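Peer 1: Got a file for you: input_2.csv, CSV, C-alpha atoms.
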```
chain,number,residue,atom,x,y,z
A,1,MET,CA,68.9,5.7,-36.2
A,2,GLU,CA,67.0,4.1,-33.3
A,3,PHE,CA,67.2,0.3,-32.8
A,4,PRO,CA,64.0,-1.2,-34.3
A,5,GLU,CA,61.6,-3.0,-31.9
A,6,HIS,CA,59.0,-3.9,-34.5
A,7,LEU,CA,60.4,-6.2,-37.2
A,8,ALA,CA,58.3,-7.3,-40.2
A,9,HIS,CA,59.3,-10.7,-41.6
A,10,TYR,CA,59.4,-10.8,-45.4
A,11,ASN,CA,60.5,-14.0,-47.2
A,12,ARG,CA,61.5,-14.7,-50.8
A,13,TYR,CA,60.8,-18.2,-52.4
A,14,LEU,CA,61.1,-20.0,-55.6
A,15,TRP,CA,57.8,-21.8,-56.5
A,16,LYS,CA,59.3,-24.3,-59.0
A,17,SER,CA,56.3,-25.8,-60.8
A,18,PRO,CA,54.9,-22.5,-62.2
A,19,ASN,CA,58.5,-21.0,-62.1
A,20,LEU,CA,57.6,-18.0,-60.0
A,21,ILE,CA,59.5,-15.8,-57.5
A,22,VAL,CA,57.2,-15.5,-54.6
A,23,VAL,CA,57.5,-13.0,-51.7
A,24,THR,CA,55.4,-13.1,-48.5
A,25,GLY,CA,55.3,-10.3,-45.9
A,26,GLU,CA,53.4,-9.2,-42.9
A,27,ALA,CA,53.3,-5.4,-42.7
A,28,ASP,CA,51.4,-5.2,-39.4
A,29,LYS,CA,54.8,-4.7,-37.7
A,30,ILE,CA,55.6,-1.8,-39.9
A,31,ARG,CA,52.3,-0.2,-38.9
A,32,GLU,CA,53.1,-0.8,-35.2
A,33,GLY,CA,56.6,0.6,-35.7
A,34,ARG,CA,55.2,3.7,-37.3
A,35,ARG,CA,52.7,4.2,-34.5
A,36,ALA,CA,55.5,3.9,-31.9
A,37,TYR,CA,57.6,6.4,-33.9
A,38,HIS,CA,54.8,8.9,-34.0
A,39,GLY,CA,54.2,8.5,-30.3
A,40,SER,CA,57.8,9.0,-29.4
A,41,HIS,CA,58.1,12.1,-31.6
A,42,ALA,CA,54.7,13.6,-30.9
A,43,VAL,CA,53.6,13.3,-34.5
A,44,THR,CA,49.9,13.7,-35.1
A,45,PRO,CA,48.5,10.6,-36.9
A,46,GLU,CA,46.7,11.0,-40.2
A,47,ALA,CA,43.0,10.3,-40.8
A,48,ALA,CA,42.1,6.7,-41.0
A,49,GLY,CA,41.5,6.5,-44.8
A,50,PRO,CA,44.8,8.0,-46.0
A,51,ALA,CA,46.7,6.1,-43.3
A,52,GLU,CA,45.3,2.8,-44.5
A,53,LEU,CA,46.3,3.6,-48.1
A,54,LEU,CA,49.8,4.5,-46.9
A,55,ASN,CA,49.9,1.1,-45.1
A,56,ARG,CA,49.0,-0.6,-48.4
A,57,LEU,CA,51.9,1.2,-50.0
A,58,PHE,CA,54.2,0.1,-47.3
A,59,ALA,CA,53.1,-3.5,-47.8
A,60,ALA,CA,53.5,-3.5,-51.6
A,61,ALA,CA,56.7,-1.5,-51.7
A,62,GLY,CA,58.2,-3.9,-49.2
A,63,LEU,CA,57.2,-6.9,-51.3
A,64,ALA,CA,58.8,-5.2,-54.4
A,65,ALA,CA,62.1,-4.5,-52.6
A,66,VAL,CA,62.4,-8.1,-51.3
A,67,SER,CA,61.6,-9.6,-54.7
A,68,LEU,CA,65.1,-8.5,-55.8
A,69,ALA,CA,68.2,-10.6,-55.0
A,70,GLN,CA,70.2,-7.5,-54.5
A,71,ARG,CA,69.0,-4.8,-52.1
A,72,GLU,CA,68.4,-1.3,-53.5
A,73,SER,CA,67.1,2.1,-52.4
A,74,TRP,CA,63.6,2.9,-53.5
A,75,GLY,CA,61.5,6.1,-53.3
A,76,TRP,CA,57.8,5.9,-54.2
A,77,SER,CA,56.0,9.3,-54.7
A,78,VAL,CA,52.3,8.5,-55.4
A,79,SER,CA,49.8,11.1,-56.4
A,80,PRO,CA,46.5,9.1,-56.9
A,81,PRO,CA,43.8,10.5,-59.2
A,82,GLY,CA,41.0,12.5,-57.6
A,83,MET,CA,42.5,12.5,-54.1
A,84,GLU,CA,43.5,15.4,-51.8
A,85,GLU,CA,46.2,13.2,-50.4
A,86,GLY,CA,49.4,11.9,-51.9
A,87,PHE,CA,51.9,9.4,-50.4
A,88,PHE,CA,55.6,8.9,-50.1
A,89,CYS,CA,57.3,5.7,-49.2
A,90,GLY,CA,61.1,5.0,-49.0
A,91,VAL,CA,62.8,1.6,-48.6
A,92,GLU,CA,66.5,1.3,-47.9
A,93,PRO,CA,68.8,-1.7,-48.4
A,94,GLU,CA,69.2,-2.4,-44.7
A,95,GLY,CA,65.5,-2.9,-44.3
A,96,LEU,CA,64.4,0.5,-43.2
A,97,ILE,CA,61.0,1.7,-44.5
A,98,CYS,CA,59.4,5.1,-43.9
A,99,GLY,CA,56.8,7.3,-45.4
A,100,ARG,CA,54.1,9.9,-44.9
A,101,VAL,CA,50.8,11.3,-46.3
A,102,LEU,CA,51.3,14.5,-48.3
A,103,GLU,CA,49.0,17.1,-49.7
A,104,ASN,CA,48.1,16.3,-53.3
A,105,LYS,CA,47.2,19.3,-55.4
A,106,LYS,CA,46.9,17.4,-58.7
A,107,THR,CA,44.3,14.9,-59.6
A,108,GLN,CA,45.6,13.3,-62.8
A,109,GLY,CA,47.2,10.3,-61.2
A,110,LEU,CA,51.0,10.0,-61.2
A,111,CYS,CA,53.7,7.9,-59.6
A,112,VAL,CA,57.4,8.8,-59.6
A,113,VAL,CA,59.7,6.0,-58.7
A,114,GLN,CA,63.4,6.6,-57.8
A,115,ARG,CA,65.6,3.5,-57.6
A,116,GLN,CA,69.3,3.1,-57.0
A,117,GLY,CA,71.5,0.1,-56.5
A,118,GLU,CA,74.9,0.1,-54.9
A,119,LYS,CA,77.4,2.0,-57.0
A,120,SER,CA,74.8,2.6,-59.6
A,121,PRO,CA,73.2,5.9,-60.9
A,122,MET,CA,69.7,6.7,-59.8
A,123,ALA,CA,67.0,5.5,-62.2
A,124,GLN,CA,63.7,7.5,-62.3
A,125,SER,CA,60.4,6.3,-63.8
A,126,HIS,CA,57.0,8.1,-64.2
A,127,ILE,CA,53.9,6.0,-64.2
A,128,THR,CA,50.3,7.0,-64.9
A,129,LEU,CA,47.8,5.7,-62.3
A,130,ILE,CA,44.2,4.7,-63.0
A,131,THR,CA,42.9,3.8,-59.5
A,132,GLN,CA,43.5,5.3,-56.0
A,133,ASP,CA,45.0,2.0,-54.7
A,134,PRO,CA,48.8,2.4,-54.1
A,135,VAL,CA,49.2,-1.3,-54.7
A,136,GLU,CA,48.4,-0.5,-58.4
A,137,ALA,CA,51.3,1.9,-58.5
A,138,VAL,CA,53.7,-0.9,-57.6
A,139,GLU,CA,52.2,-3.3,-60.1
A,140,ARG,CA,52.1,-0.7,-62.9
A,141,TYR,CA,55.8,0.3,-62.2
A,142,PHE,CA,56.9,-3.3,-63.0
A,143,GLU,CA,54.6,-3.5,-66.0
A,144,GLU,CA,55.7,-0.2,-67.6
A,145,ALA,CA,59.2,0.4,-66.4
A,146,GLU,CA,60.4,-3.2,-66.1
A,147,GLN,CA,58.2,-4.7,-68.8
A,148,THR,CA,57.3,-7.5,-66.3
A,149,LEU,CA,53.8,-8.5,-65.2
A,150,ILE,CA,53.6,-9.2,-61.5
A,151,ARG,CA,50.7,-9.9,-59.2
A,152,ILE,CA,50.4,-8.4,-55.7
A,153,ALA,CA,47.7,-9.2,-53.1
A,154,VAL,CA,47.5,-7.4,-49.8
A,155,ASP,CA,44.8,-7.8,-47.1
A,156,ASP,CA,43.5,-5.4,-44.5
A,157,ALA,CA,45.9,-6.8,-41.8
A,158,GLY,CA,48.9,-6.1,-44.0
A,159,ARG,CA,49.6,-9.7,-45.1
A,160,GLY,CA,50.8,-9.6,-48.6
A,161,VAL,CA,52.1,-11.7,-51.5
A,162,LEU,CA,54.0,-10.8,-54.6
A,163,LEU,CA,54.3,-13.2,-57.6
A,164,ARG,CA,56.9,-12.5,-60.2
A,165,PRO,CA,57.5,-14.9,-63.1
A,166,MET,CA,60.9,-16.2,-64.0
A,167,PRO,CA,61.5,-16.9,-67.8
A,168,GLY,CA,58.8,-19.2,-68.9
A,169,GLY,CA,56.9,-18.7,-65.6
A,170,THR,CA,53.1,-18.6,-65.5
A,171,PHE,CA,50.3,-17.3,-63.2
A,172,GLU,CA,48.1,-20.2,-64.2
A,173,ALA,CA,48.1,-21.6,-60.6
A,174,VAL,CA,46.5,-18.5,-59.2
A,175,ASN,CA,44.4,-17.2,-62.2
A,176,GLY,CA,40.9,-16.4,-61.1
A,177,LEU,CA,41.6,-16.4,-57.4
A,178,SER,CA,40.7,-13.4,-55.2
A,179,ASP,CA,43.5,-11.6,-53.3
A,180,ALA,CA,42.3,-13.3,-50.1
A,181,ARG,CA,42.6,-16.8,-51.7
A,182,ILE,CA,46.0,-16.1,-53.2
A,183,ILE,CA,47.3,-15.0,-49.8
A,184,GLU,CA,45.8,-18.0,-48.1
A,185,ARG,CA,47.3,-20.4,-50.7
A,186,ILE,CA,50.8,-18.9,-50.8
A,187,PHE,CA,51.1,-18.7,-47.0
A,188,GLY,CA,49.9,-22.3,-46.8
A,189,LEU,CA,52.5,-23.4,-49.3
A,190,ALA,CA,55.2,-21.6,-47.4
A,191,ALA,CA,54.2,-23.1,-44.1
A,192,GLY,CA,54.1,-26.6,-45.7
A,193,GLY,CA,57.6,-26.3,-47.1
A,194,ASP,CA,56.3,-26.6,-50.7
A,195,MET,CA,58.4,-23.7,-52.0
A,196,GLN,CA,62.2,-23.3,-52.0
A,197,HIS,CA,63.1,-20.7,-49.4
A,198,LEU,CA,65.7,-18.2,-50.8
A,199,GLU,CA,66.0,-15.4,-48.2
A,200,GLU,CA,64.4,-13.8,-45.2
A,201,VAL,CA,64.5,-10.0,-45.0
A,202,LEU,CA,63.5,-7.9,-41.9
A,203,LEU,CA,61.8,-4.6,-42.6
A,204,PHE,CA,61.2,-2.0,-39.9
A,205,TYR,CA,59.9,1.5,-39.7
A,206,ALA,CA,62.4,4.3,-39.0
A,207,CYS,CA,63.2,7.7,-40.5
A,208,PRO,CA,66.8,8.5,-41.6
A,209,CYS,CA,65.8,11.9,-43.1
A,210,SER,CA,67.4,15.2,-42.5
A,211,PRO,CA,66.4,18.5,-44.0
A,212,GLU,CA,69.4,18.2,-46.4
A,213,LYS,CA,68.4,14.8,-47.6
A,214,ILE,CA,64.8,15.9,-48.2
A,215,GLN,CA,65.9,19.0,-50.0
A,216,ALA,CA,68.2,17.0,-52.3
A,217,MET,CA,65.4,14.5,-53.1
A,218,ILE,CA,62.9,17.2,-54.0
A,219,THR,CA,65.4,19.3,-56.1
A,220,SER,CA,66.6,16.2,-58.0
A,221,LEU,CA,63.2,16.0,-59.7
A,222,PRO,CA,62.8,17.8,-63.1
A,223,ALA,CA,60.8,20.9,-62.7
A,224,ASP,CA,57.8,19.7,-64.8
A,225,HIS,CA,57.6,16.4,-62.8
A,226,SER,CA,57.8,18.3,-59.5
A,227,ALA,CA,55.0,20.6,-60.6
A,228,GLN,CA,52.9,17.6,-61.7
A,229,LEU,CA,53.3,15.9,-58.3
A,230,TRP,CA,53.2,18.8,-55.8
A,231,GLY,CA,51.9,21.9,-57.7
A,232,ASP,CA,53.8,25.0,-56.4
```
Would you kindly transcribe this structure into C-alpha cells?
Peer 2:
Amino acid sequence: MEFPEHLAHYNRYLWKSPNLIVVTGEADKIREGRRAYHGSHAVTPEAAGPAELLNRLFAAAGLAAVSLAQRESWGWSVSPPGMEEGFFCGVEPEGLICGRVLENKKTQGLCVVQRQGEKSPMAQSHITLITQDPVEAVERYFEEAEQTLIRIAVDDAGRGVLLRPMPGGTFEAVNGLSDARIIERIFGLAAGGDMQHLEEVLLFYACPCSPEKIQAMITSLPADHSAQLWGD
C-alpha cells in the first residue's frame, strides 16, 4: 500500500450537555487522494454527478466509522432507487478508505452493509433506501440495524458532522437547524473547546484490493442479495 499524502482529519467528541457523541470530518482530502490515485494509475474519472454522490458516501461512511470507539472494517454497497449508477465504499481500521461507482441494473433502492470487528464474525445488513442520497443509506443503517437514530450533515466541500445520542441523549440542541447550520455550530463548538475531545482519526484514500479479495467479497453475498444489487 502506498504511503498516503492526503490525510483527512476526523475527530470524535463528547458533547456533554445534550449527551451526544459528535464526529467531525473534512473529506476534501479523501477526494484529493482519490484524484491523485486515479492520476497515478491512469483511471478514467467518473461523471461529475455520480462522483459527487460517491464523495458524500465517503464523508458519511468515514463519520460512521469514527463514531465507534473500536475500529472495524466496513463495506457499503449502495444501489439507489431509480439510478443507473451504484456505489461501493470500504473503510478499514487503519484509516484506509476506498470506493468506486458501479453499474446499477436495479432501481428498487437497496444498501448492503458488511461490518466486521477484530476477531469477530462478519455481520451483514440489508437496508431499503428511499432517496438517492448515499448519506441516507448511512443514517438508515443505524436506524434499522442498530436501532439508533443518528443525524448526519455533509456540505458540498465534504465537511461533515455526525451526532449519535448516548443513553438519555437528545437532538434538541440542533432540532430545526439546516445541515449548513449544524456543521457551522458543531465546528464552532469544537474550535472553541466546548466539547470533550476523545480521539482523532486520520482517513486516507488507498486501495488494498486484489482480484482474490474482490472475488471473495462478491461470492460471500447470498445469491438473492447479489442479484438484487447487481443483476446478472
Peer 1: Contacts between stretch 197-212 of chain A and stretch 7-61 of chain A, please, where a residue of stretch 7-61 of chain A counts if it comes within 10 Å (with only C-alpha atoms); show its shortest atom pair and distance in Å to one decimal, rows by chain and ascending number, as a tab-separated table.
Peer 2:
```
residue	atom	partner	partner_atom	distance
A:Leu7	CA	A:Phe204	CA	5.1
A:Ala8	CA	A:Leu203	CA	5.0
A:His9	CA	A:Leu202	CA	5.1
A:Tyr10	CA	A:Val201	CA	5.2
A:Asn11	CA	A:Glu200	CA	4.4
A:Arg12	CA	A:Glu199	CA	5.2
A:Tyr13	CA	A:His197	CA	4.5
A:Leu14	CA	A:His197	CA	6.6
A:Trp15	CA	A:His197	CA	8.9
A:Ile21	CA	A:Leu198	CA	9.4
A:Val22	CA	A:His197	CA	9.4
A:Val23	CA	A:Glu199	CA	9.5
A:Thr24	CA	A:Glu200	CA	9.6
A:Gly25	CA	A:Val201	CA	9.2
A:Glu26	CA	A:Leu203	CA	9.6
A:Ala27	CA	A:Leu203	CA	8.5
A:Lys29	CA	A:Phe204	CA	7.3
A:Ile30	CA	A:Tyr205	CA	5.4
A:Arg31	CA	A:Tyr205	CA	7.8
A:Glu32	CA	A:Tyr205	CA	8.5
A:Gly33	CA	A:Tyr205	CA	5.3
A:Arg34	CA	A:Tyr205	CA	5.7
A:Arg35	CA	A:Tyr205	CA	9.3
A:Ala36	CA	A:Tyr205	CA	9.3
A:Tyr37	CA	A:Ala206	CA	7.3
A:Phe58	CA	A:Tyr205	CA	9.6
```
Peer 1: Hey, can you spit out that residue selection with C-alpha atoms as a short mmCIF file (atom, residue, chain, number, x, y, z; two decimals), in the coordinates of the input?
Peer 2:
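New file part.cif:
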```cif
data_model
loop_
_atom_site.label_atom_id
_atom_site.label_comp_id
_atom_site.auth_asym_id
_atom_site.auth_seq_id
_atom_site.Cartn_x
_atom_site.Cartn_y
_atom_site.Cartn_z
CA LEU A 7 60.40 -6.20 -37.20
CA ALA A 8 58.30 -7.30 -40.20
CA HIS A 9 59.30 -10.70 -41.60
CA TYR A 10 59.40 -10.80 -45.40
CA ASN A 11 60.50 -14.00 -47.20
CA ARG A 12 61.50 -14.70 -50.80
CA TYR A 13 60.80 -18.20 -52.40
CA LEU A 14 61.10 -20.00 -55.60
CA TRP A 15 57.80 -21.80 -56.50
CA ILE A 21 59.50 -15.80 -57.50
CA VAL A 22 57.20 -15.50 -54.60
CA VAL A 23 57.50 -13.00 -51.70
CA THR A 24 55.40 -13.10 -48.50
CA GLY A 25 55.30 -10.30 -45.90
CA GLU A 26 53.40 -9.20 -42.90
CA ALA A 27 53.30 -5.40 -42.70
CA LYS A 29 54.80 -4.70 -37.70
CA ILE A 30 55.60 -1.80 -39.90
CA ARG A 31 52.30 -0.20 -38.90
CA GLU A 32 53.10 -0.80 -35.20
CA GLY A 33 56.60 0.60 -35.70
CA ARG A 34 55.20 3.70 -37.30
CA ARG A 35 52.70 4.20 -34.50
CA ALA A 36 55.50 3.90 -31.90
CA TYR A 37 57.60 6.40 -33.90
CA PHE A 58 54.20 0.10 -47.30
#
```
Peer 1: Please identify all polymer residues within 9 Å of A:Val138, counting all atoms listed in the file, omitting same-chain residues fewer than 5 positions from it, and present them as a list of chain:residue names.
Peer 2: A:Leu57, A:Ala60, A:Ala61, A:Ala64, A:Trp76, A:Glu143, A:Ile152
Peer 1: Let's have the selection written as a short mmCIF file (atom, residue, chain, number, x, y, z; two decimals), in the coordinates of the input, with C-alpha atoms.
Peer 2:
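The new file out.cif reads:
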```cif
data_model
loop_
_atom_site.label_atom_id
_atom_site.label_comp_id
_atom_site.auth_asym_id
_atom_site.auth_seq_id
_atom_site.Cartn_x
_atom_site.Cartn_y
_atom_site.Cartn_z
CA LEU A 57 51.90 1.20 -50.00
CA ALA A 60 53.50 -3.50 -51.60
CA ALA A 61 56.70 -1.50 -51.70
CA ALA A 64 58.80 -5.20 -54.40
CA TRP A 76 57.80 5.90 -54.20
CA GLU A 143 54.60 -3.50 -66.00
CA ILE A 152 50.40 -8.40 -55.70
#
```
Peer 1: From the list A:Ser178, A:Gln108, A:Gln124, A:Ser67, which residue is nearest A:Gly86 when using all atoms listed in the file?
Peer 2: A:Gln108
Peer 1: So that I can check the surroundings of A:Met83, please list as a list in words every protein, DNA and RNA residue that reaches within 12 Å of it, counting all atoms listed in the file and ignoring chain neighbours fewer than 3 positions away.
Peer 2: Gly49, Pro50, Leu53, Val78, Ser79, Pro80, Gly86, Phe87, Val101, Leu102, Glu103, Asn104, Lys105, Lys106, Thr107, Gln108, Gly109, Leu110, Leu129, Ile130, Thr131, Gln132, Asp133 and Pro134 of chain A
Peer 1: Would you work out the distance separating atom CA of A:Ala59 from atom CA of A:Leu163, expressed in Å to one decimal?
Peer 2: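 Interatomic distance here is 13.8 Å.
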Peer 1: Got a sec: who's within 12 Å of A:Thr148, counting all atoms listed in the file, leaving out chain neighbours fewer than 3 positions off, as a list in words?
Peer 2: Val138, Glu139, Arg140, Tyr141, Phe142, Glu143, Glu144, Ala145, Arg151, Leu163, Arg164, Pro165, Met166, Pro167, Gly169 and Thr170 of chain A
Peer 1: At what distance in Å, to one decimal, does atom CA of A:Met195 lie from atom CA of A:Ser73?
Peer 2: 27.2 Å
Peer 1: Could stretch 26-39 of chain A be completed with N, CA, C and O atoms and written as an mmCIF file, in the coordinates of the input, please?
Peer 2:
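And here is the file that came out, part31.cif:
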```cif
data_model
loop_
_atom_site.group_PDB
_atom_site.id
_atom_site.type_symbol
_atom_site.label_atom_id
_atom_site.label_comp_id
_atom_site.auth_asym_id
_atom_site.auth_seq_id
_atom_site.Cartn_x
_atom_site.Cartn_y
_atom_site.Cartn_z
ATOM 1 N N GLU A 26 54.399 -9.600 -43.853
ATOM 2 C CA GLU A 26 53.400 -9.200 -42.900
ATOM 3 C C GLU A 26 53.689 -7.810 -42.403
ATOM 4 O O GLU A 26 54.541 -7.629 -41.535
ATOM 5 N N ALA A 27 52.995 -6.828 -42.976
ATOM 6 C CA ALA A 27 53.300 -5.400 -42.700
ATOM 7 C C ALA A 27 52.714 -4.855 -41.471
ATOM 8 O O ALA A 27 52.877 -3.661 -41.200
ATOM 9 N N ASP A 28 52.031 -5.673 -40.679
ATOM 10 C CA ASP A 28 51.400 -5.200 -39.400
ATOM 11 C C ASP A 28 52.514 -4.604 -38.509
ATOM 12 O O ASP A 28 52.291 -3.617 -37.800
ATOM 13 N N LYS A 29 53.706 -5.208 -38.516
ATOM 14 C CA LYS A 29 54.800 -4.700 -37.700
ATOM 15 C C LYS A 29 55.293 -3.356 -38.130
ATOM 16 O O LYS A 29 55.777 -2.545 -37.328
ATOM 17 N N ILE A 30 55.214 -3.108 -39.442
ATOM 18 C CA ILE A 30 55.600 -1.800 -39.900
ATOM 19 C C ILE A 30 54.595 -0.754 -39.427
ATOM 20 O O ILE A 30 54.983 0.348 -38.996
ATOM 21 N N ARG A 31 53.314 -1.103 -39.425
ATOM 22 C CA ARG A 31 52.300 -0.200 -38.900
ATOM 23 C C ARG A 31 52.568 0.079 -37.403
ATOM 24 O O ARG A 31 52.496 1.225 -36.949
ATOM 25 N N GLU A 32 52.870 -0.994 -36.647
ATOM 26 C CA GLU A 32 53.100 -0.800 -35.200
ATOM 27 C C GLU A 32 54.358 0.047 -34.991
ATOM 28 O O GLU A 32 54.372 0.902 -34.102
ATOM 29 N N GLY A 33 55.392 -0.176 -35.799
ATOM 30 C CA GLY A 33 56.600 0.600 -35.700
ATOM 31 C C GLY A 33 56.335 2.093 -35.975
ATOM 32 O O GLY A 33 56.886 2.991 -35.322
ATOM 33 N N ARG A 34 55.496 2.344 -36.959
ATOM 34 C CA ARG A 34 55.200 3.700 -37.300
ATOM 35 C C ARG A 34 54.377 4.408 -36.195
ATOM 36 O O ARG A 34 54.616 5.568 -35.867
ATOM 37 N N ARG A 35 53.419 3.673 -35.608
ATOM 38 C CA ARG A 35 52.700 4.200 -34.500
ATOM 39 C C ARG A 35 53.582 4.560 -33.318
ATOM 40 O O ARG A 35 53.448 5.609 -32.669
ATOM 41 N N ALA A 36 54.527 3.657 -33.034
ATOM 42 C CA ALA A 36 55.500 3.900 -31.900
ATOM 43 C C ALA A 36 56.356 5.107 -32.243
ATOM 44 O O ALA A 36 56.641 5.928 -31.355
ATOM 45 N N TYR A 37 56.793 5.216 -33.492
ATOM 46 C CA TYR A 37 57.600 6.400 -33.900
ATOM 47 C C TYR A 37 56.857 7.659 -33.720
ATOM 48 O O TYR A 37 57.374 8.639 -33.186
ATOM 49 N N HIS A 38 55.607 7.675 -34.174
ATOM 50 C CA HIS A 38 54.800 8.900 -34.000
ATOM 51 C C HIS A 38 54.587 9.230 -32.560
ATOM 52 O O HIS A 38 54.639 10.416 -32.183
ATOM 53 N N GLY A 39 54.352 8.208 -31.738
ATOM 54 C CA GLY A 39 54.200 8.500 -30.300
ATOM 55 C C GLY A 39 55.391 9.052 -29.655
ATOM 56 O O GLY A 39 55.299 9.990 -28.848
#
```
